[in-house]
Structure formats: C-alpha cells, structure tokens
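Okay, so here's the structure we're looking at.
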Amino acid sequence: MTTITLDGWPSLADPAPHDLALPAQRIRSNVPDAQRPRFRDLVWRLSFMIHKETVKPQIVNWARCPEQLRASLMRVGWAILNIPTPAILLRETASRAVMSPRALRLTFGFWIDFARWLVKRGITELAAVTAEDLGEYAEHIRTYGRSWDHDQRALKALTRIWGYAPFLLAQDRLVMPPWEDPAAAMSDFLGTKDTPADGENNIPIVHPAVMSPLLVWALRMVLELGPDILAAWQERRRLLDRSRGASPRGDSHMVVDYLKGLIAEGKPLPGFSGFQGDAIAASIRSRGGEGTLPSLNRQYIAGTLGVDPDQVTVAQKRIRHELEPRHFGTDAPLDVPIAGRIADRPWTDSLDFDEITFLVLHLSTAALITTAYLSGMRPEEVLHLTRGCCTRVEREDGTIRYKVTGRHFKGVTDDEGNAIPEGEIRPDPWVVLEFVARAIAVVEELESGHLLFSRSFSRAYRRSLEIGDAVPSDMATKRIAGFIVWANEQAIRHDRPHELIPEDPEGPVALRRFRRTIAWFIHRQPGGRIALAVQFGHAATLMGESYAARSKADMLELLDFEKGLALADALSEARERIASGEGISGPAAGRYIAAATEFENRYAGTYLGKRELRALVKNPKLQVYEDPKTFLTCNFDAFKALCDPELSMSGTTGQKTPDRSRCNPACANISRTDSQIAGIQAEIDTIDSAAEAGLDPYPIARREQQRRAVFVQIIERHQASAIPNSQTREKNR
C-alpha cells in the first residue's frame, strides 16, 4: 500500500494494484473512470494526458520489460508520474517539473532497453547495479551507432531513476551514475559531440521553385475552384440524405423506369470513376471476365430518385437480361454548373458523385496551405483553429483588416514554468491577408464541427479517446503530398507545364516548413526584418532590443540560411551584370567586382548547402545587398556603414546588415551598375512627365525637382567614374 506523509506525498512509491497509474489532475475530463489505467495494467495510455486536438496514441507497454525488473520499473514510473520532481533533477538544463507524455514514453522505453541489457548480464535488481555497470552500459549503447543526443537522453533517463531514490523502495533504487559526478562530463562516456547545438533553426525552407506553384494551386483551388466543389459537395449530401430517408421496399419499379429511360436516350448508366472504377473493373476480370456486368452507382441513383439503395439492386436484377457492358458509364455526374476556369476554359467537364469526396479533401488541404503559409502560424496553432476564429474589422478610415483568434502553445507555461498542455488563447490575434480569411470561410462551409481542419475527411477515421479530432502534422504532410499529385495532374491536363510542382530537394513539404519559408520571403524584402518582428511576435529589431527588451533571439541569426540564399542571388546577379559588360561606379565599385569574382571562383556552379551558405554569410568580402528602391548596391562593411548609429561612439559596431531606413548617399559602401542607372533614368523620365502635366501641387513638384537634380548628379558621376566595360572584364578574369 502507498504510505502517505503529512505533506500529502508518498514517502515510498509502492502503489496498490487498483491505484491510478496517471495523476487524476492531468487526465482529460472526457476519459471515463473505467478506462483510466491502473497500476496493475501492463498498458498505460499516456495520451489520456494530452489535451490537444491533434493528440495521437502515446502508450507504454510494460509487457515488453523483462519480468524480473518489471515491477520495479513500474513503481519508478508511477513515482515519476505522481511525485513532484526532486530538486536535483530540476537543475538539469531544460528540465521541467512535469514531463510531457511523449517524454515519459521515451523515458520508459529507455528503461526497458536498459532492463533487457541487465537481465542478459544476470542482474535482476536495480539496487544491484554498480557504477561500473552503468559505465559499461554507456559504452554498450554507443555500439548501436545512434546519434549522440539519443544516447545522452538514454543515459539521462537512468539519471532520473537515481534522482527519485529517496522516494523508492530499497530494491528500486539506482546508484549515482558516473556521468553525474561533478568531475565527469557526458563526453567522457559518449565521446565528443560531432555537431554541437548552436541554437540555429535548422528547419529547411520549401524551395521557392516548389512553393511558388504550390501556392498558385492552393489559391486557385480556394478562390476559383472552391465554389464549384462546395456546390457539388452540398448536392452529394442532399442526395445521400434523400436515400437515407427512403423506404427500403416497393420502389424498384421507379428505378427500372429510370434505367430503361437512360438506355433509350443513349445515356450511360451511372457508374464509378477514378480508383473505384479501376478496382471494380479489376474485380470483374478476376471473377469471370467478359460476361460480368459493371456495377451501378447505387447511392447516386437512390439519391436521385429518393429511394433506398437496396431497391437499386432489386431493379438491376429485374432487368439484368437487358443490360450490356456498353450501357454502363464511368462516372455519376452531379447536377451542378461548372463556373471555375483555368486559363480560358472550364477546369473540368463535370463533378463526379464519388470523386467529390477527394476534391473536398484537396480543397481543405489548399485552405490549410493558404492559412498556414500566409499567416506564419505554427502547425499546432493552425490545426487548432475553430469556427468563427476570423473576424473582419473595418476601421474608421475605411481600411479593412482580417484578424484570426486562436490558441498558441509555445512558451505558454504556468507559474512554475511547466507547459500548459491545452495552451491558451493568443492575446494578440494574427493579422492576415484576405486570402486567408477566404480560405477559412471555405473550410467553415466544408466542416460540420467546430474544428476547421479535422480528420472527418479521412475514410479510416474513427473517433477514439486516444485520437484527437484535429489533423495531426504527419497527416497534414500526407494530405499536402496528395494535393501536389492532384495539382500536377491538372497542370498536365490543362497544358500548363510552368505550373508543375517539382519534388522538393529537402523532402516532403511539411507544415512546420511554411512558417520558415514565409519568413525567408519576407526577410528578403526591404523592411523585412521589421515585418517579421510584427507578424511573428519576435522583437529582434534594434528598437526591440534596446527599448522593449523582449528579444528572445536575433532574427538575423535565426535566418542565416535564408540570408545566405539572398546573398547568393545578389552575387549571381552581380556576376551576370559584370559578364554582360556593365559599368560599375561608386566608392565600393572595386569591392563589388571583387565580391562577384570571388563568388564565381568559389561557389558558381556548385551546390550551396547549409555549410556553404553559412560560410557565405560569414565571409565579410561577400556582403552584397541590392536595394531596388534606392537604385544602389550596398557592399556592407560594418566599419564604414553610415547607417549604423553606433559607429561613431566607440569605433566598434554590432550591426551585421545594412539598415535601409538610414541609408546615407555619402556612404563608402555604395556602388551602382548600368542597370541601376537605367532605373534612375526611368525615374527622371517619370518626374519630367509629371512636371509637363502640371498636376502636382507646388510642394510636391518642388520636391520632385530636387530628387531629379540628385538623380542627374548620380548619372553624371557614374558616366564620369564608372569602371569601363573592358576594365571590368579584365578585373573579372
């Protein structure tokens, strides 16, 4: 029996067989008492403690543990679940007082592997394990060739048993592991870690060549094809409702008349399309070959006539001798008009009764892609959106904003620093584009429940206490893959090869990559750093760091990968301009040419992976930033940058990139090319046209003439000082 102290916590973990295995306060309220695992049960369903709608089964099966050590480890597992974490364990980096169900499952799994190793060595009691045994076990797990982090977690799982020793029976206690000795380090047992963690966000972006057509098809599906699919979906549900309410008897004559009428008119009998039609045809061939008739689409016919599906079967038998394979069609078209178009023609001839179930799945997926990508939400935040989350706000000045209110989970903790499993409503709603609002409106028409992105369109879905109603991230990845296949089929069918979605070099397109990708696109634009701070809730701007002091991480450090890609693009363009013979002017013209030359010699024509891009970012000679709005290139040198307000204070600078909002035309980092000068000339022509029309008010016209005078001086200096084409080619050899 469990012994209780005055503080309310057990002095020693020795639960009775009928005691709850999981703490009652952590179990979801919808789990019946009869299904809550008891200590005696060999299967503990840890997913009962997950409060997210995306919950998936998390189970520990103690039957996998050797019988000699099973009771001990079950008692230790009960202690971890029901007794507060000892202070000695809370000193560990990133250790929390309350372990998540997933962390518990992994920990218990490590214990079971350890128990198997002990039994093979003839050790059948935890108290009999020595420090030398633990050291040998550390050497043993290295032989599997798994990652350093995995092996460290396996050893730390054993540390947790030792940490709970004061609350365990004598036979359940474990000696202090040798890696916990203050004079020791984990590297003494596992070797040196090859790739130390540096805090970098290593989630790969979706390649732009993949993301662009993917977004095109997602928006097309939501905005242009969605109304047709929604209308067909409503019609299908209407037909199903009609057939469900019909009498199961006496209406076969109506079906006979219907079928004979179609044959007389030369119209095909409703059948099956897509994979169902192929499967039925294959079944027919396997059963008897040519003499077997295809199948009628019973549900479609029953809904059309308002009869029971069984009456369709009866009617088919009555006129079987009159039917021939040529009478049967390959689809069951719904009576809905096709309004959506791709290019200059309808996107489909008709919508099929059965195919529409796949199209609504693709429509939901397209809405998910649109919402996740264009909002910048994290996967769990998107997947927990509910009906009515999006509101349209019209301001007094006439501008319209769309706001999305939902739950967020990252960083949501209680007073003791433990994660709140159900998250909380985000205090500041996401401000989104109208495209996102329209995508959410489409899904609200599709879904009948409160969740926007549910499992309801999955054919194998069955409600369970261990499975949430929301689409989990891995299922979303599969749905996106299916949508890509469908979109590519449409691109081929409509002869639009430029809209084919290629395979992403980094693997499957997952939800977590969207937030990273939109950050990459935003960051590459002028003012992108501030836009990221606003939309993503980061404060990695100079003002945020010095004034609000809310910065958790410098956005530029988190986006080194994207910055490397942007630099590669800028340097590739510089190389092409120089190769075409453009002149270069400005105080940094030589550095511009040198950077393009070094990039060509070291990187051109090679694969730029993470390591190469990281080296590119760190190379001070290759910091080339295009600014199309000011018609110049910044060849950034922090010690010459006049946009750095701290440059004159101490002779040092912490700025790593140019501040476009503080660009100074006298800066020594500026260079200009013939292409940029052509842009300036076009701007002068625009100013001249406006002046000739005489429509601008005097203050604006005067300011435009001042801009024109500056532009003229820039052009004159460029023409006078630009490195000639021949000299440019010579420097680039």
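Every chain in the structure tokens takes a letter, A first, then B, and so on in the order presented; its residues are numbered from 1, and the ligands are numbered from 1 following the presented order.
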
Q: Write down as an MDAnalysis selection string the residues belonging to segment 297-511 of chain A that are assigned strand (DSSP E or B) by DSSP computed on the backbone.
A: chainID A and resid 328 333 341:342 345:346 352 386 390:394 400:404 407:408 413 419 424:425 430:432 451 454 464 467 470

Grab the residues selected above and save them as an mmCIF file, in the first residue's frame with N, CA and C atoms.
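Output file again.cif follows:
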```cif
data_model
loop_
_atom_site.group_PDB
_atom_site.id
_atom_site.type_symbol
_atom_site.label_atom_id
_atom_site.label_comp_id
_atom_site.auth_asym_id
_atom_site.auth_seq_id
_atom_site.Cartn_x
_atom_site.Cartn_y
_atom_site.Cartn_z
ATOM 1 N N PHE A 328 -23.089 0.861 -69.412
ATOM 2 C CA PHE A 328 -22.604 1.408 -68.146
ATOM 3 C C PHE A 328 -21.601 2.528 -68.383
ATOM 4 N N PRO A 333 -22.210 11.928 -62.730
ATOM 5 C CA PRO A 333 -22.069 13.391 -62.648
ATOM 6 C C PRO A 333 -23.154 14.044 -61.807
ATOM 7 N N ARG A 341 -12.669 28.334 -63.896
ATOM 8 C CA ARG A 341 -11.912 28.180 -65.141
ATOM 9 C C ARG A 341 -10.418 28.178 -64.840
ATOM 10 N N ILE A 342 -9.692 27.463 -65.666
ATOM 11 C CA ILE A 342 -8.231 27.535 -65.679
ATOM 12 C C ILE A 342 -7.847 28.063 -67.046
ATOM 13 N N ARG A 345 -10.637 28.070 -70.253
ATOM 14 C CA ARG A 345 -11.633 27.016 -70.383
ATOM 15 C C ARG A 345 -11.996 26.436 -69.030
ATOM 16 N N PRO A 346 -13.192 25.805 -68.930
ATOM 17 C CA PRO A 346 -13.612 25.230 -67.650
ATOM 18 C C PRO A 346 -12.581 24.244 -67.124
ATOM 19 N N ASP A 352 -17.954 14.430 -60.243
ATOM 20 C CA ASP A 352 -18.479 13.090 -60.010
ATOM 21 C C ASP A 352 -18.920 12.903 -58.564
ATOM 22 N N THR A 386 -10.683 27.221 -34.866
ATOM 23 C CA THR A 386 -12.069 26.780 -34.760
ATOM 24 C C THR A 386 -12.997 27.705 -35.543
ATOM 25 N N CYS A 390 -12.068 33.875 -37.475
ATOM 26 C CA CYS A 390 -11.651 35.005 -38.309
ATOM 27 C C CYS A 390 -12.712 36.097 -38.291
ATOM 28 N N THR A 391 -12.293 37.313 -38.019
ATOM 29 C CA THR A 391 -13.210 38.450 -37.988
ATOM 30 C C THR A 391 -12.723 39.533 -38.941
ATOM 31 N N ARG A 392 -13.679 40.223 -39.521
ATOM 32 C CA ARG A 392 -13.392 41.331 -40.439
ATOM 33 C C ARG A 392 -13.600 42.633 -39.685
ATOM 34 N N VAL A 393 -12.548 43.443 -39.640
ATOM 35 C CA VAL A 393 -12.597 44.694 -38.878
ATOM 36 C C VAL A 393 -12.453 45.858 -39.859
ATOM 37 N N GLU A 394 -13.448 46.734 -39.872
ATOM 38 C CA GLU A 394 -13.393 47.915 -40.726
ATOM 39 C C GLU A 394 -13.104 49.129 -39.862
ATOM 40 N N ILE A 400 -9.635 47.902 -44.129
ATOM 41 C CA ILE A 400 -10.201 46.649 -43.626
ATOM 42 C C ILE A 400 -9.069 45.729 -43.189
ATOM 43 N N ARG A 401 -9.224 45.136 -42.019
ATOM 44 C CA ARG A 401 -8.251 44.182 -41.509
ATOM 45 C C ARG A 401 -8.970 42.874 -41.174
ATOM 46 N N TYR A 402 -8.258 41.785 -41.365
ATOM 47 C CA TYR A 402 -8.785 40.469 -41.003
ATOM 48 C C TYR A 402 -7.934 39.925 -39.862
ATOM 49 N N LYS A 403 -8.596 39.550 -38.785
ATOM 50 C CA LYS A 403 -7.886 39.063 -37.605
ATOM 51 C C LYS A 403 -8.338 37.646 -37.278
ATOM 52 N N VAL A 404 -7.373 36.826 -36.917
ATOM 53 C CA VAL A 404 -7.640 35.429 -36.562
ATOM 54 C C VAL A 404 -7.281 35.220 -35.100
ATOM 55 N N ARG A 407 -5.602 29.530 -30.451
ATOM 56 C CA ARG A 407 -4.717 29.100 -29.365
ATOM 57 C C ARG A 407 -3.257 29.080 -29.816
ATOM 58 N N HIS A 408 -2.372 29.344 -28.880
ATOM 59 C CA HIS A 408 -0.951 29.111 -29.111
ATOM 60 C C HIS A 408 -0.420 28.308 -27.941
ATOM 61 N N THR A 413 3.244 28.711 -20.223
ATOM 62 C CA THR A 413 3.602 27.955 -19.019
ATOM 63 C C THR A 413 2.847 28.474 -17.806
ATOM 64 N N ALA A 419 4.753 23.619 -18.992
ATOM 65 C CA ALA A 419 3.894 23.901 -20.140
ATOM 66 C C ALA A 419 2.439 23.623 -19.792
ATOM 67 N N GLU A 424 -3.274 28.394 -24.600
ATOM 68 C CA GLU A 424 -4.176 29.479 -24.232
ATOM 69 C C GLU A 424 -4.494 30.304 -25.470
ATOM 70 N N ILE A 425 -5.573 31.075 -25.393
ATOM 71 C CA ILE A 425 -5.920 31.953 -26.497
ATOM 72 C C ILE A 425 -4.839 33.022 -26.638
ATOM 73 N N TRP A 430 -3.753 37.166 -34.854
ATOM 74 C CA TRP A 430 -2.941 37.274 -36.060
ATOM 75 C C TRP A 430 -3.661 38.181 -37.059
ATOM 76 N N VAL A 431 -2.939 39.109 -37.619
ATOM 77 C CA VAL A 431 -3.482 39.937 -38.691
ATOM 78 C C VAL A 431 -3.111 39.264 -40.008
ATOM 79 N N VAL A 432 -4.112 38.917 -40.821
ATOM 80 C CA VAL A 432 -3.870 38.100 -42.000
ATOM 81 C C VAL A 432 -4.401 38.786 -43.250
ATOM 82 N N LEU A 451 -13.941 22.368 -35.325
ATOM 83 C CA LEU A 451 -12.580 22.499 -35.825
ATOM 84 C C LEU A 451 -12.584 22.796 -37.320
ATOM 85 N N SER A 454 -10.207 19.114 -39.524
ATOM 86 C CA SER A 454 -10.459 17.902 -38.754
ATOM 87 C C SER A 454 -10.117 16.665 -39.564
ATOM 88 N N SER A 464 -11.955 8.243 -31.152
ATOM 89 C CA SER A 464 -11.328 7.467 -30.092
ATOM 90 C C SER A 464 -10.805 8.424 -29.031
ATOM 91 N N ILE A 467 -7.250 9.475 -29.883
ATOM 92 C CA ILE A 467 -7.001 10.213 -31.118
ATOM 93 C C ILE A 467 -7.831 11.486 -31.092
ATOM 94 N N ALA A 470 -8.546 16.813 -34.523
ATOM 95 C CA ALA A 470 -7.822 17.657 -35.479
ATOM 96 C C ALA A 470 -6.819 16.835 -36.273
#
```

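Across the model, the gap from atom CA of Ile684 of chain A to atom CA of Phe711 of chain A is 7.2 Å.
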
Q: Write out as a ChimeraX atom specification all residues of segment 7-241 of chain A that backbone DSSP assigns to helix (DSSP H, G or I).
A: /A:24-26,33-35,46-49,62-64,67-82,87-90,101-120,126-128,131-142,148-163,165-167,170-172,178-180,187-190,208-241

Near Tyr625 of chain A, counting only C-alpha atoms, which residues have an atom at most 10 Å away, once you skip same-chain residues fewer than 5 positions from it, shown as a PDB file with all heavy atoms, in the first residue's frame?
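The resulting out_20.pdb:
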```pdb
ATOM      1  N   ARG A 524      13.749  38.840 -47.230  1.00  0.00           N
ATOM      2  CA  ARG A 524      14.477  39.284 -48.413  1.00  0.00           C
ATOM      3  C   ARG A 524      13.984  40.633 -48.943  1.00  0.00           C
ATOM      4  O   ARG A 524      14.618  41.223 -49.817  1.00  0.00           O
ATOM      5  CB  ARG A 524      14.336  38.233 -49.525  1.00  0.00           C
ATOM      6  CG  ARG A 524      15.116  36.968 -49.242  1.00  0.00           C
ATOM      7  CD  ARG A 524      14.590  35.822 -50.076  1.00  0.00           C
ATOM      8  NE  ARG A 524      14.667  36.097 -51.510  1.00  0.00           N
ATOM      9  CZ  ARG A 524      15.696  35.758 -52.285  1.00  0.00           C
ATOM     10  NH1 ARG A 524      16.746  35.171 -51.744  1.00  0.00           N
ATOM     11  NH2 ARG A 524      15.691  36.002 -53.566  1.00  0.00           N
ATOM     12  N   ALA A 566      19.834  34.707 -50.069  1.00  0.00           N
ATOM     13  CA  ALA A 566      19.674  36.052 -50.610  1.00  0.00           C
ATOM     14  C   ALA A 566      21.006  36.598 -51.120  1.00  0.00           C
ATOM     15  O   ALA A 566      21.075  37.222 -52.188  1.00  0.00           O
ATOM     16  CB  ALA A 566      19.084  36.977 -49.542  1.00  0.00           C
ATOM     17  N   LEU A 567      22.084  36.370 -50.363  1.00  0.00           N
ATOM     18  CA  LEU A 567      23.408  36.810 -50.793  1.00  0.00           C
ATOM     19  C   LEU A 567      23.819  36.099 -52.083  1.00  0.00           C
ATOM     20  O   LEU A 567      24.394  36.711 -52.997  1.00  0.00           O
ATOM     21  CB  LEU A 567      24.440  36.548 -49.697  1.00  0.00           C
ATOM     22  CG  LEU A 567      24.432  37.492 -48.495  1.00  0.00           C
ATOM     23  CD1 LEU A 567      25.416  37.009 -47.446  1.00  0.00           C
ATOM     24  CD2 LEU A 567      24.765  38.913 -48.915  1.00  0.00           C
ATOM     25  N   ASP A 569      21.865  34.982 -54.397  1.00  0.00           N
ATOM     26  CA  ASP A 569      21.114  35.579 -55.504  1.00  0.00           C
ATOM     27  C   ASP A 569      21.731  36.906 -55.931  1.00  0.00           C
ATOM     28  O   ASP A 569      21.889  37.184 -57.122  1.00  0.00           O
ATOM     29  CB  ASP A 569      19.657  35.796 -55.087  1.00  0.00           C
ATOM     30  CG  ASP A 569      18.887  34.490 -55.000  1.00  0.00           C
ATOM     31  OD1 ASP A 569      19.404  33.478 -55.487  1.00  0.00           O
ATOM     32  OD2 ASP A 569      17.777  34.498 -54.437  1.00  0.00           O
ATOM     33  N   ALA A 570      22.051  37.759 -54.942  1.00  0.00           N
ATOM     34  CA  ALA A 570      22.613  39.075 -55.249  1.00  0.00           C
ATOM     35  C   ALA A 570      23.965  38.939 -55.955  1.00  0.00           C
ATOM     36  O   ALA A 570      24.263  39.659 -56.919  1.00  0.00           O
ATOM     37  CB  ALA A 570      22.748  39.901 -53.974  1.00  0.00           C
ATOM     38  N   LEU A 571      24.793  38.016 -55.496  1.00  0.00           N
ATOM     39  CA  LEU A 571      26.110  37.834 -56.100  1.00  0.00           C
ATOM     40  C   LEU A 571      26.016  37.208 -57.487  1.00  0.00           C
ATOM     41  O   LEU A 571      26.810  37.524 -58.380  1.00  0.00           O
ATOM     42  CB  LEU A 571      26.984  36.979 -55.181  1.00  0.00           C
ATOM     43  CG  LEU A 571      27.427  37.688 -53.887  1.00  0.00           C
ATOM     44  CD1 LEU A 571      27.931  36.675 -52.868  1.00  0.00           C
ATOM     45  CD2 LEU A 571      28.506  38.722 -54.185  1.00  0.00           C
ATOM     46  N   LEU A 632      20.701  51.274 -55.842  1.00  0.00           N
ATOM     47  CA  LEU A 632      22.102  51.109 -55.470  1.00  0.00           C
ATOM     48  C   LEU A 632      22.324  49.717 -54.901  1.00  0.00           C
ATOM     49  O   LEU A 632      21.376  48.980 -54.614  1.00  0.00           O
ATOM     50  CB  LEU A 632      22.542  52.181 -54.465  1.00  0.00           C
ATOM     51  CG  LEU A 632      21.817  52.266 -53.110  1.00  0.00           C
ATOM     52  CD1 LEU A 632      22.312  51.242 -52.095  1.00  0.00           C
ATOM     53  CD2 LEU A 632      21.974  53.662 -52.528  1.00  0.00           C
ATOM     54  N   THR A 633      23.594  49.372 -54.733  1.00  0.00           N
ATOM     55  CA  THR A 633      24.000  48.138 -54.074  1.00  0.00           C
ATOM     56  C   THR A 633      24.829  48.517 -52.855  1.00  0.00           C
ATOM     57  O   THR A 633      25.734  49.357 -52.951  1.00  0.00           O
ATOM     58  CB  THR A 633      24.849  47.259 -55.005  1.00  0.00           C
ATOM     59  OG1 THR A 633      24.079  46.939 -56.166  1.00  0.00           O
ATOM     60  CG2 THR A 633      25.261  45.975 -54.306  1.00  0.00           C
ATOM     61  N   CYS A 634      24.502  47.905 -51.716  1.00  0.00           N
ATOM     62  CA  CYS A 634      25.283  48.127 -50.507  1.00  0.00           C
ATOM     63  C   CYS A 634      26.287  46.986 -50.371  1.00  0.00           C
ATOM     64  O   CYS A 634      25.908  45.830 -50.205  1.00  0.00           O
ATOM     65  CB  CYS A 634      24.385  48.190 -49.277  1.00  0.00           C
ATOM     66  SG  CYS A 634      25.304  48.385 -47.730  1.00  0.00           S
ATOM     67  N   ASN A 635      27.568  47.328 -50.462  1.00  0.00           N
ATOM     68  CA  ASN A 635      28.646  46.356 -50.247  1.00  0.00           C
ATOM     69  C   ASN A 635      29.059  46.492 -48.781  1.00  0.00           C
ATOM     70  O   ASN A 635      30.034  47.162 -48.448  1.00  0.00           O
ATOM     71  CB  ASN A 635      29.802  46.645 -51.189  1.00  0.00           C
ATOM     72  CG  ASN A 635      29.359  46.666 -52.640  1.00  0.00           C
ATOM     73  OD1 ASN A 635      29.373  45.653 -53.311  1.00  0.00           O
ATOM     74  ND2 ASN A 635      28.937  47.838 -53.112  1.00  0.00           N
ATOM     75  N   PHE A 636      28.295  45.854 -47.910  1.00  0.00           N
ATOM     76  CA  PHE A 636      28.295  46.197 -46.493  1.00  0.00           C
ATOM     77  C   PHE A 636      29.621  45.901 -45.797  1.00  0.00           C
ATOM     78  O   PHE A 636      30.119  44.773 -45.817  1.00  0.00           O
ATOM     79  CB  PHE A 636      27.168  45.446 -45.787  1.00  0.00           C
ATOM     80  CG  PHE A 636      26.970  45.861 -44.359  1.00  0.00           C
ATOM     81  CD1 PHE A 636      26.428  47.099 -44.057  1.00  0.00           C
ATOM     82  CD2 PHE A 636      27.336  45.028 -43.312  1.00  0.00           C
ATOM     83  CE1 PHE A 636      26.242  47.494 -42.749  1.00  0.00           C
ATOM     84  CE2 PHE A 636      27.157  45.413 -42.001  1.00  0.00           C
ATOM     85  CZ  PHE A 636      26.612  46.660 -41.720  1.00  0.00           C
ATOM     86  N   THR A 657      24.046  43.828 -40.809  1.00  0.00           N
ATOM     87  CA  THR A 657      23.438  44.040 -42.112  1.00  0.00           C
ATOM     88  C   THR A 657      23.089  45.506 -42.263  1.00  0.00           C
ATOM     89  O   THR A 657      22.951  46.227 -41.270  1.00  0.00           O
ATOM     90  CB  THR A 657      22.156  43.207 -42.259  1.00  0.00           C
ATOM     91  OG1 THR A 657      21.264  43.543 -41.190  1.00  0.00           O
ATOM     92  CG2 THR A 657      22.453  41.722 -42.235  1.00  0.00           C
ATOM     93  N   PRO A 658      22.921  45.997 -43.497  1.00  0.00           N
ATOM     94  CA  PRO A 658      22.579  47.411 -43.680  1.00  0.00           C
ATOM     95  C   PRO A 658      21.186  47.732 -43.168  1.00  0.00           C
ATOM     96  O   PRO A 658      20.283  46.899 -43.238  1.00  0.00           O
ATOM     97  CB  PRO A 658      22.676  47.595 -45.199  1.00  0.00           C
ATOM     98  CG  PRO A 658      22.493  46.232 -45.775  1.00  0.00           C
ATOM     99  CD  PRO A 658      23.092  45.288 -44.787  1.00  0.00           C
ATOM    100  N   ARG A 660      18.320  49.798 -44.172  1.00  0.00           N
ATOM    101  CA  ARG A 660      17.867  50.536 -45.353  1.00  0.00           C
ATOM    102  C   ARG A 660      17.118  51.810 -44.996  1.00  0.00           C
ATOM    103  O   ARG A 660      17.054  52.747 -45.790  1.00  0.00           O
ATOM    104  CB  ARG A 660      16.988  49.621 -46.215  1.00  0.00           C
ATOM    105  CG  ARG A 660      17.767  48.497 -46.890  1.00  0.00           C
ATOM    106  CD  ARG A 660      16.848  47.674 -47.789  1.00  0.00           C
ATOM    107  NE  ARG A 660      17.569  46.713 -48.594  1.00  0.00           N
ATOM    108  CZ  ARG A 660      17.803  45.462 -48.246  1.00  0.00           C
ATOM    109  NH1 ARG A 660      17.408  45.033 -47.068  1.00  0.00           N
ATOM    110  NH2 ARG A 660      18.455  44.637 -49.045  1.00  0.00           N
ATOM    111  N   ILE A 670      28.589  52.159 -51.032  1.00  0.00           N
ATOM    112  CA  ILE A 670      27.666  52.210 -52.165  1.00  0.00           C
ATOM    113  C   ILE A 670      28.390  51.948 -53.483  1.00  0.00           C
ATOM    114  O   ILE A 670      29.495  52.435 -53.719  1.00  0.00           O
ATOM    115  CB  ILE A 670      26.957  53.575 -52.226  1.00  0.00           C
ATOM    116  CG1 ILE A 670      25.983  53.719 -51.046  1.00  0.00           C
ATOM    117  CG2 ILE A 670      26.219  53.767 -53.544  1.00  0.00           C
ATOM    118  CD1 ILE A 670      25.324  55.077 -50.949  1.00  0.00           C
TER     119      ILE A 670
END
```

(Q) Would you pick out the contacts of segment 161-178 of chain A at 10 Å or less, using only C-alpha atoms, so that residues sharing its chain but fewer than 5 positions from it are not included, and give the list as a ChimeraX atom specification? (A) /A:9-14,69,71-77,79-80,83-90,111,125-135,138,155-156,183-186,188-189

(Q) Using only C-alpha atoms, which protein or nucleic acid residues come within 12 Å of Arg40 of chain A? Drop anything in the same chain fewer than 6 positions from it, and give the result as number ranges by chain. (A) A: 14-22, 61-63, 70-71, 74-75, 78

Write the selection just made, keeping C-alpha atoms, as a PDB file, in the first residue's frame?
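Result written to out_26.pdb:
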```
ATOM      1  CA  ASP A  14       4.603   1.334  -3.512  1.00  0.00           C
ATOM      2  CA  PRO A  15       1.164   1.785  -5.115  1.00  0.00           C
ATOM      3  CA  ALA A  16      -1.654  -0.696  -4.729  1.00  0.00           C
ATOM      4  CA  PRO A  17      -2.773  -2.596  -7.874  1.00  0.00           C
ATOM      5  CA  HIS A  18      -6.020  -0.590  -8.128  1.00  0.00           C
ATOM      6  CA  ASP A  19      -4.336   2.841  -7.767  1.00  0.00           C
ATOM      7  CA  LEU A  20      -4.489   5.114 -10.791  1.00  0.00           C
ATOM      8  CA  ALA A  21      -1.286   4.968 -12.822  1.00  0.00           C
ATOM      9  CA  LEU A  22      -1.722   8.507 -14.132  1.00  0.00           C
ATOM     10  CA  ASN A  61       3.610  -1.398 -22.781  1.00  0.00           C
ATOM     11  CA  TRP A  62       5.259  -2.846 -19.687  1.00  0.00           C
ATOM     12  CA  ALA A  63       4.875  -6.365 -21.112  1.00  0.00           C
ATOM     13  CA  ARG A  70       9.074  -5.123 -14.488  1.00  0.00           C
ATOM     14  CA  ALA A  71       7.563  -4.462 -11.061  1.00  0.00           C
ATOM     15  CA  MET A  74       6.585   0.204 -12.973  1.00  0.00           C
ATOM     16  CA  ARG A  75       6.899   1.523  -9.412  1.00  0.00           C
ATOM     17  CA  TRP A  78       4.436   5.576 -11.085  1.00  0.00           C
TER      18      TRP A  78
END
```
